[in-house]
Amino acid sequence: MKTAHEIRPGNVIMLDGSPWVVQKTETTRSGRNAAIVKLKLKNVLLDSGTEQTFKGEDKLDDIILERLDCTYSYFADPMYVFMDEEYNQYDVEADNLGDAADYIIDGMEDVCQVTFYEGKAISVELPVHIVREVIYTEPSARGDTSGKVMKPATITGGGTVTVADFVKVGDKIEIDTRTGEFKKRV
Amino acid sequence: MSVNNSNPLHHHWDIFCTVVDNYGDIGVTWRLAKQLVAEYDIPINLWVDDLLSFSHILPMLDPHKSKQIFNSVNIFQWNNPLDIEFTAGNVIIEAFACELPSQIKSIINQLHQPPLSQAPTWLNLEYLSAENWVEGCHGLPSSQPSGVKKWFYFPGFTPKTGGLICERELFNQRDEWQADSTHKLALFKKLGLQGINAEDTVISIFSYETPALAALCELWQASQTPIHALIPKGRSLHSLTSILPCDIKDLIPGQQFTIGNLTLHILPMTDQNGFDRLLWSCDFNIVRGEDSFLRAQWAAKPFIWHIYPQEDDYHLVKLQAFMQIYCDNLAPEIATTWSEVNLAFNQGNTNAVVMHWQQLHSVNLSLMQHAIEWPINALNEADLASRLVQFVNNS
């Protein structure tokens with residue numbers, strides 16, 4: 001069991017007797033610091049989707065499925081193709097990557113975990129922390145160095161991350177793939 | 001505790017509330033309970049874990065009685081484990097994400113299973129927020145391990161949220177009250193507040209602790225015209241110890257102190273109707289939390305919202321979200337001034353709050369007009385209770 005707060009895109013959870021792959025998580029804060037977690041889910045068996053909301057501390061039944069360490073190989077619309085150490089290829093539907101798709105780039109070396117259900121690759125989990133290059137962001141507005149002033153930045157692959165104001169084009173930044181948060185400049 | 005499930009799903013609703021901050025959570029749930037009974041004829045059982053705090057806003061309540069009825073609402077002492085017979089009704093609401101007693105969850109699960117397969121509609125009534133994400137989370141299910149679905153119900157300021165608590169006749173009552181200045185003077189007299197003239201500026205204060213309050217009081221002392229600050233015994237006063245002539249514990253309702261042109265009045269506690277009328281009677285209200293925050297908006301008077309502080313200053317995100325929605329139709333200079341006052345107050349920035357308060361004078365008429373127009377816009381044609389009843393009927 002995991003708390004809703006710990007669930008990540010790519011996890012598979014049992015709800016109402018069916019396995020659901022988590023495509024997207026969105027954590028927000030309600031009153032008095034309580035976390036609210038919204039999950040975008042896809043039913044592995046029926047291919048249908050839903051959204052549900054949980055308290056951050058709610059326990060969810062994540063199921064342990066077969067997983068393999070793989071690296072990203074190429075994109076063949078609408079499938080992302082991953083490869084294991086033995087050069088076996090696995091196709092994963094783009095929808096099942098959720099927000100993780102924002103971090104998939106050609107030539108990436110990050111080791112991802114491909115999850116299988118009854119022999120079919122159904123989702124991919126990225127490493128918790130990845131490093132990407134900033135390809136566009138506005139110059140620092142106030143010369144802030146505290147890290148408290150934030151601004152949007154486009155990273156390689158086209159995704160957008162909210163970064164500290166001191167981050168510049170060409171900087172490499174560490175991102176938490178669970179939350180999409182900027183962690184630090186590396 | 002015994003459980004009566006022979007006739008599942010009675011017509012009534014159960015609302016569970018844990019008191020966290022004295023008057024906020026119970027304030028909201030008590031208003032909702034009263035409204036559901038009065039306007040929708042729904043029998044309500046209100047389960048509260050702290051009747052003593054509840055009695056501060058419902059003075060007739062006996063904190064030592066485990067069952068009592070006020071405004072046709074059945075009020076129960078909620079002990080854990082539950083020691084009063086519980087019969088499931090149509091709806092169970094856990095207010096502000098409080099945790100239902102395990103016995104209640106077990107009953108819900110039993111009713112969900114065949115052959116009954118008829119669990120009550122289970123709702124988590126969340127905190128009010130103006131943030132954008134609320135629309136995306138409102139009304140979503142939350143599958144529990146037993147297979148029962150709980151629904152997240154988010155109050156909010158837009159048509160795609162759960163709405164705002166507002167009684168059907170509230171605005172008419174307010175308008176009648178504010179049309180005649182003798183009402184406010186009579187109220188002040190009833191509350192034991194002396195020396196307030198009809199043209200004096202009157203400000204109610206119901207905030208958390210902040211140095212911004214002391215800074216404002218210092219400013220008001222030097223005002224050209226008389227200012228009366230009305231403060232109940234409680235957290236606001238902890239910020240004013242330097243100007244109080246005695247210890248807070250020795251203060252009594254009705255006591256007043258004049259420093260320059262500022263008179264501080266110690267307010268007695270009042271019930272919710274009395275609090276509404278107090279807000280309607282003041283020229284400006286400083287409010288906190290959720291319940292008084294909303295009632296200050298319905299008072300159609302300018303206000304400062306002292307939001308409940310959260311970790312990492314996250315409350316400022318919520319404050320900004322509300323300020324943005326509140327200022328949507330305001331001229332930029334008015335919006336900026338009002339927002340800066342609110343921000344400075346919440347950040348405890350004494351210099352900024354004084355500076356921006358002084359700027360409020362130049363935009364006061366427009367701000368007052370906006371405060372009058374805001375309530376109808378904020379309601380978006382349907383209040384929380386009506387949307388809630390509709391939601392339950394559709395679920």
# chains A, B, ... in the order shown; residues from 1 in each chain; ligands from 1

$ select_by_dssp --residues "chain A" --states "helix (DSSP H, G or I)" --output "list of chain:residue names"
A:Ala4, A:His5, A:Glu6, A:Gly31, A:Arg32, A:Asn33, A:Ala94, A:Asp95, A:Asn96, A:Leu97, A:Gly98, A:Asp99, A:Ala100, A:Ala101, A:Asp102, A:Tyr103

$ interface_residues --of "chain A" --to "chain B" --cutoff "6 Å" --atoms "only C-alpha atoms" --output "MDAnalysis selection string"
chainID A and resid 16 31 33 52:54

$ residues_around --residues "Ala344 of chain B" --least-positions-apart "4" --cutoff "9 Å" --atoms "only C-alpha atoms" --output "PyMOL selection string"
chain B and resi 212+339-340+348-354+356

$ residues_around --residues "Tyr136 of chain A" --least-positions-apart "6" --cutoff "8 Å" --atoms "only C-alpha atoms" --output "number ranges by chain"
A: 153-155, 168-169

$ write_last_selection --atoms "N, CA, C and O atoms" --output "PDB file, in the first residue's frame"
ATOM      1  N   ALA A 153      10.168  28.167 -17.657  1.00  0.00           N
ATOM      2  CA  ALA A 153      11.292  27.883 -18.550  1.00  0.00           C
ATOM      3  C   ALA A 153      10.925  26.688 -19.426  1.00  0.00           C
ATOM      4  O   ALA A 153      10.264  25.758 -18.964  1.00  0.00           O
ATOM      5  N   THR A 154      11.341  26.745 -20.684  1.00  0.00           N
ATOM      6  CA  THR A 154      11.128  25.614 -21.582  1.00  0.00           C
ATOM      7  C   THR A 154      12.387  24.761 -21.575  1.00  0.00           C
ATOM      8  O   THR A 154      13.505  25.291 -21.667  1.00  0.00           O
ATOM      9  N   ILE A 155      12.197  23.450 -21.430  1.00  0.00           N
ATOM     10  CA  ILE A 155      13.349  22.547 -21.381  1.00  0.00           C
ATOM     11  C   ILE A 155      13.431  21.736 -22.667  1.00  0.00           C
ATOM     12  O   ILE A 155      12.479  21.708 -23.455  1.00  0.00           O
ATOM     13  N   LYS A 168      19.218  30.516 -16.324  1.00  0.00           N
ATOM     14  CA  LYS A 168      19.412  31.136 -17.644  1.00  0.00           C
ATOM     15  C   LYS A 168      19.285  30.076 -18.741  1.00  0.00           C
ATOM     16  O   LYS A 168      19.393  28.863 -18.477  1.00  0.00           O
ATOM     17  N   VAL A 169      19.121  30.556 -19.958  1.00  0.00           N
ATOM     18  CA  VAL A 169      19.126  29.661 -21.117  1.00  0.00           C
ATOM     19  C   VAL A 169      20.479  28.954 -21.166  1.00  0.00           C
ATOM     20  O   VAL A 169      21.526  29.589 -20.982  1.00  0.00           O
TER      21      VAL A 169
END

$ closest_residue --among "B:His11, B:Arg174, B:His56, B:His112" --to "Pro268 of chain B" --atoms "only C-alpha atoms"
B:His56

$ residues_around --residues "segment 187-190 of chain B" --least-positions-apart "2" --cutoff "10 Å" --atoms "only C-alpha atoms" --output "compact mmCIF listing (two decimals) with N, CA and C atoms, in the first residue's frame"
# COMPACT_ATOMS: atom_id res chain seq x y z
N THR B 182 -30.14 53.61 12.38
CA THR B 182 -30.49 53.38 13.80
C THR B 182 -30.25 51.92 14.19
N HIS B 183 -30.28 51.03 13.19
CA HIS B 183 -30.05 49.61 13.50
C HIS B 183 -28.66 49.41 14.08
N LYS B 184 -27.67 50.01 13.43
CA LYS B 184 -26.30 49.77 13.92
C LYS B 184 -26.07 50.42 15.28
N LEU B 185 -26.63 51.60 15.46
CA LEU B 185 -26.45 52.26 16.75
C LEU B 185 -27.12 51.46 17.87
N GLY B 192 -23.08 46.95 24.45
CA GLY B 192 -22.41 47.66 25.53
C GLY B 192 -21.30 48.58 25.06
N LEU B 193 -21.34 48.96 23.77
CA LEU B 193 -20.30 49.83 23.21
C LEU B 193 -20.76 51.28 23.33
N GLN B 194 -19.98 52.07 24.03
CA GLN B 194 -20.38 53.45 24.33
C GLN B 194 -19.67 54.44 23.40
N GLY B 195 -20.34 55.56 23.16
CA GLY B 195 -19.70 56.72 22.54
C GLY B 195 -19.50 56.62 21.04
N ILE B 196 -20.22 55.73 20.37
CA ILE B 196 -20.08 55.63 18.90
C ILE B 196 -21.20 56.45 18.25
N ASN B 197 -20.80 57.45 17.46
CA ASN B 197 -21.78 58.26 16.74
C ASN B 197 -21.96 57.72 15.33
N LEU B 230 -13.52 47.46 17.14
CA LEU B 230 -14.29 46.53 17.97
C LEU B 230 -13.59 45.16 17.94
N GLY B 254 -17.30 45.09 26.73
CA GLY B 254 -17.87 46.40 26.99
C GLY B 254 -16.82 47.40 27.45
N LEU B 267 -15.39 43.45 22.60
CA LEU B 267 -16.70 42.93 22.22
C LEU B 267 -17.07 41.69 23.02
N GLY B 274 -25.84 37.58 15.23
CA GLY B 274 -25.29 38.79 15.82
C GLY B 274 -23.99 39.20 15.14
N ARG B 277 -24.73 40.84 11.82
CA ARG B 277 -25.20 42.22 11.98
C ARG B 277 -24.07 43.16 12.40
N LEU B 278 -23.13 42.62 13.14
CA LEU B 278 -21.96 43.43 13.49
C LEU B 278 -21.17 43.81 12.23
N SER B 281 -22.77 46.40 10.22
CA SER B 281 -22.83 47.71 10.88
C SER B 281 -21.51 48.47 10.85
N CYS B 282 -20.43 47.77 10.53
CA CYS B 282 -19.12 48.41 10.55
C CYS B 282 -18.77 48.97 9.17

$ atom_distance --atom1 "atom CA of Ile92 of chain B" --atom2 "atom CA of Ala119 of chain B"
9.7 Å

$ atom_distance --atom1 "atom CA of Ser236 of chain B" --atom2 "atom CA of Thr210 of chain B"
7.6 Å

$ atom_distance --atom1 "atom CA of Val161 of chain A" --atom2 "atom CA of Arg8 of chain A"
17.8 Å

$ select_by_dssp --residues "segment 111-311 of chain B" --states "strand (DSSP E)" --output "ChimeraX atom specification"
/B:121-125,141-143,149-153,201-205,227-232,256-259,262-267,284-288,303-306

$ write_last_selection --atoms "N, CA and C atoms" --output "CSV table (one decimal), in the first residue's frame"
chain,number,residue,atom,x,y,z
B,121,THR,N,-24.8,8.6,0.4
B,121,THR,CA,-23.8,9.4,-0.4
B,121,THR,C,-22.8,10.0,0.6
B,122,TRP,N,-21.6,9.7,0.4
B,122,TRP,CA,-20.5,10.1,1.3
B,122,TRP,C,-19.7,11.2,0.7
B,123,LEU,N,-19.7,12.3,1.4
B,123,LEU,CA,-19.1,13.5,0.9
B,123,LEU,C,-18.0,14.0,1.8
B,124,ASN,N,-16.9,14.5,1.2
B,124,ASN,CA,-15.9,15.2,2.0
B,124,ASN,C,-16.0,16.7,1.6
B,125,LEU,N,-16.6,17.5,2.5
B,125,LEU,CA,-16.7,18.9,2.3
B,125,LEU,C,-15.4,19.6,2.6
B,141,PRO,N,-14.9,11.6,-7.7
B,141,PRO,CA,-15.0,10.5,-6.8
B,141,PRO,C,-13.7,10.1,-6.1
B,142,SER,N,-13.8,9.3,-5.1
B,142,SER,CA,-12.6,8.9,-4.4
B,142,SER,C,-12.9,7.4,-4.0
B,143,SER,N,-12.5,6.4,-4.7
B,143,SER,CA,-12.8,5.1,-4.4
B,143,SER,C,-12.1,4.6,-3.2
B,149,LYS,N,-17.7,4.7,-2.9
B,149,LYS,CA,-17.1,6.0,-3.4
B,149,LYS,C,-17.4,7.1,-2.5
B,150,LYS,N,-16.4,7.9,-2.2
B,150,LYS,CA,-16.6,9.1,-1.5
B,150,LYS,C,-16.4,10.2,-2.5
B,151,TRP,N,-17.2,11.3,-2.3
B,151,TRP,CA,-17.1,12.4,-3.3
B,151,TRP,C,-16.5,13.6,-2.6
B,152,PHE,N,-15.6,14.3,-3.4
B,152,PHE,CA,-15.0,15.5,-2.9
B,152,PHE,C,-15.8,16.7,-3.3
B,153,TYR,N,-16.2,17.5,-2.3
B,153,TYR,CA,-17.0,18.6,-2.6
B,153,TYR,C,-16.3,19.9,-2.2
B,201,THR,N,-16.1,56.3,12.2
B,201,THR,CA,-15.6,55.2,11.5
B,201,THR,C,-15.5,54.0,12.5
B,202,VAL,N,-16.2,52.9,12.1
B,202,VAL,CA,-16.2,51.7,13.0
B,202,VAL,C,-15.6,50.5,12.2
B,203,ILE,N,-14.6,49.9,12.9
B,203,ILE,CA,-13.9,48.8,12.3
B,203,ILE,C,-13.9,47.6,13.2
B,204,SER,N,-14.4,46.5,12.7
B,204,SER,CA,-14.4,45.2,13.5
B,204,SER,C,-13.1,44.5,13.2
B,205,ILE,N,-12.6,43.8,14.2
B,205,ILE,CA,-11.3,43.1,14.1
B,205,ILE,C,-11.4,41.7,14.7
B,227,ILE,N,-12.1,57.0,15.3
B,227,ILE,CA,-12.2,55.6,14.8
B,227,ILE,C,-12.5,54.7,16.0
B,228,HIS,N,-13.4,53.8,15.8
B,228,HIS,CA,-13.7,52.8,16.9
B,228,HIS,C,-13.3,51.4,16.4
B,229,ALA,N,-12.5,50.7,17.1
B,229,ALA,CA,-12.1,49.4,16.7
B,229,ALA,C,-12.7,48.4,17.7
B,230,LEU,N,-13.5,47.5,17.1
B,230,LEU,CA,-14.3,46.5,18.0
B,230,LEU,C,-13.6,45.2,17.9
B,231,ILE,N,-13.1,44.7,19.1
B,231,ILE,CA,-12.3,43.5,19.1
B,231,ILE,C,-12.9,42.5,20.2
B,232,PRO,N,-13.1,41.3,19.8
B,232,PRO,CA,-13.5,40.3,20.9
B,232,PRO,C,-12.3,39.8,21.6
B,256,GLN,N,-13.6,49.8,27.3
B,256,GLN,CA,-13.1,50.5,26.2
B,256,GLN,C,-11.9,51.4,26.6
B,257,PHE,N,-11.0,51.7,25.7
B,257,PHE,CA,-9.9,52.5,26.0
B,257,PHE,C,-9.7,53.5,24.8
B,258,THR,N,-9.5,54.7,25.1
B,258,THR,CA,-9.3,55.7,24.1
B,258,THR,C,-7.8,56.2,24.1
B,259,ILE,N,-7.2,56.1,22.9
B,259,ILE,CA,-5.8,56.6,22.8
B,259,ILE,C,-5.9,57.5,21.5
B,262,LEU,N,-8.4,57.1,18.6
B,262,LEU,CA,-8.9,55.6,18.5
B,262,LEU,C,-9.5,55.2,19.8
B,263,THR,N,-10.6,54.6,19.7
B,263,THR,CA,-11.2,53.9,20.9
B,263,THR,C,-11.3,52.4,20.6
B,264,LEU,N,-10.6,51.6,21.5
B,264,LEU,CA,-10.7,50.2,21.4
B,264,LEU,C,-11.9,49.7,22.3
B,265,HIS,N,-12.8,48.9,21.7
B,265,HIS,CA,-13.9,48.4,22.4
B,265,HIS,C,-13.7,46.8,22.5
B,266,ILE,N,-13.9,46.3,23.7
B,266,ILE,CA,-13.9,44.8,23.8
B,266,ILE,C,-15.3,44.3,23.6
B,267,LEU,N,-15.4,43.4,22.6
B,267,LEU,CA,-16.7,42.9,22.2
B,267,LEU,C,-17.1,41.7,23.0
B,284,PHE,N,-15.6,48.9,8.0
B,284,PHE,CA,-14.6,48.1,7.5
B,284,PHE,C,-14.4,46.9,8.4
B,285,ASN,N,-14.2,45.7,7.9
B,285,ASN,CA,-14.0,44.5,8.7
B,285,ASN,C,-12.7,43.8,8.5
B,286,ILE,N,-12.1,43.5,9.5
B,286,ILE,CA,-10.8,42.6,9.4
B,286,ILE,C,-11.2,41.3,9.9
B,287,VAL,N,-11.2,40.3,9.0
B,287,VAL,CA,-11.7,39.0,9.4
B,287,VAL,C,-10.6,37.9,9.1
B,288,ARG,N,-10.9,36.7,9.5
B,288,ARG,CA,-9.9,35.6,9.4
B,288,ARG,C,-10.6,34.3,9.0
B,303,PHE,N,-13.0,45.0,3.3
B,303,PHE,CA,-12.4,44.1,4.4
B,303,PHE,C,-11.0,43.7,4.1
B,304,ILE,N,-10.3,43.3,5.2
B,304,ILE,CA,-9.0,42.6,5.1
B,304,ILE,C,-9.2,41.2,5.5
B,305,TRP,N,-8.7,40.3,4.7
B,305,TRP,CA,-8.8,38.9,5.0
B,305,TRP,C,-7.4,38.4,5.6
B,306,HIS,N,-7.4,38.0,6.9
B,306,HIS,CA,-6.2,37.4,7.5
B,306,HIS,C,-6.4,35.9,7.3

$ residues_around --residues "segment 116-122 of chain A" --least-positions-apart "2" --cutoff "12 Å" --atoms "only C-alpha atoms" --output "number ranges by chain"
A: 9-13, 19-23, 42-45, 47, 63-70, 79-83, 88-98, 113-114, 124-125

$ residues_around --residues "Leu237 of chain B" --least-positions-apart "4" --cutoff "10 Å" --atoms "only C-alpha atoms" --output "PyMOL selection string"
chain B and resi 205-210+213-214+231-233+241-244+248+266

$ closest_residue --among "A:Thr179, A:Thr156, A:Thr28, A:Thr71" --to "Val111 of chain A" --atoms "only C-alpha atoms"
A:Thr71

$ closest_residue --among "B:Gly89, B:Cys166, B:Phe16, B:Tyr23" --to "Pro101 of chain B" --atoms "only C-alpha atoms"
B:Phe16

$ closest_residue --among "B:Met355, B:Ile57, B:Val91, B:Leu379" --to "Gln118 of chain B" --atoms "only C-alpha atoms"
B:Val91

$ closest_residue --among "B:Ile75, B:Ile252, B:Ile107, B:Leu319" --to "Leu51 of chain B" --atoms "only C-alpha atoms"
B:Ile75
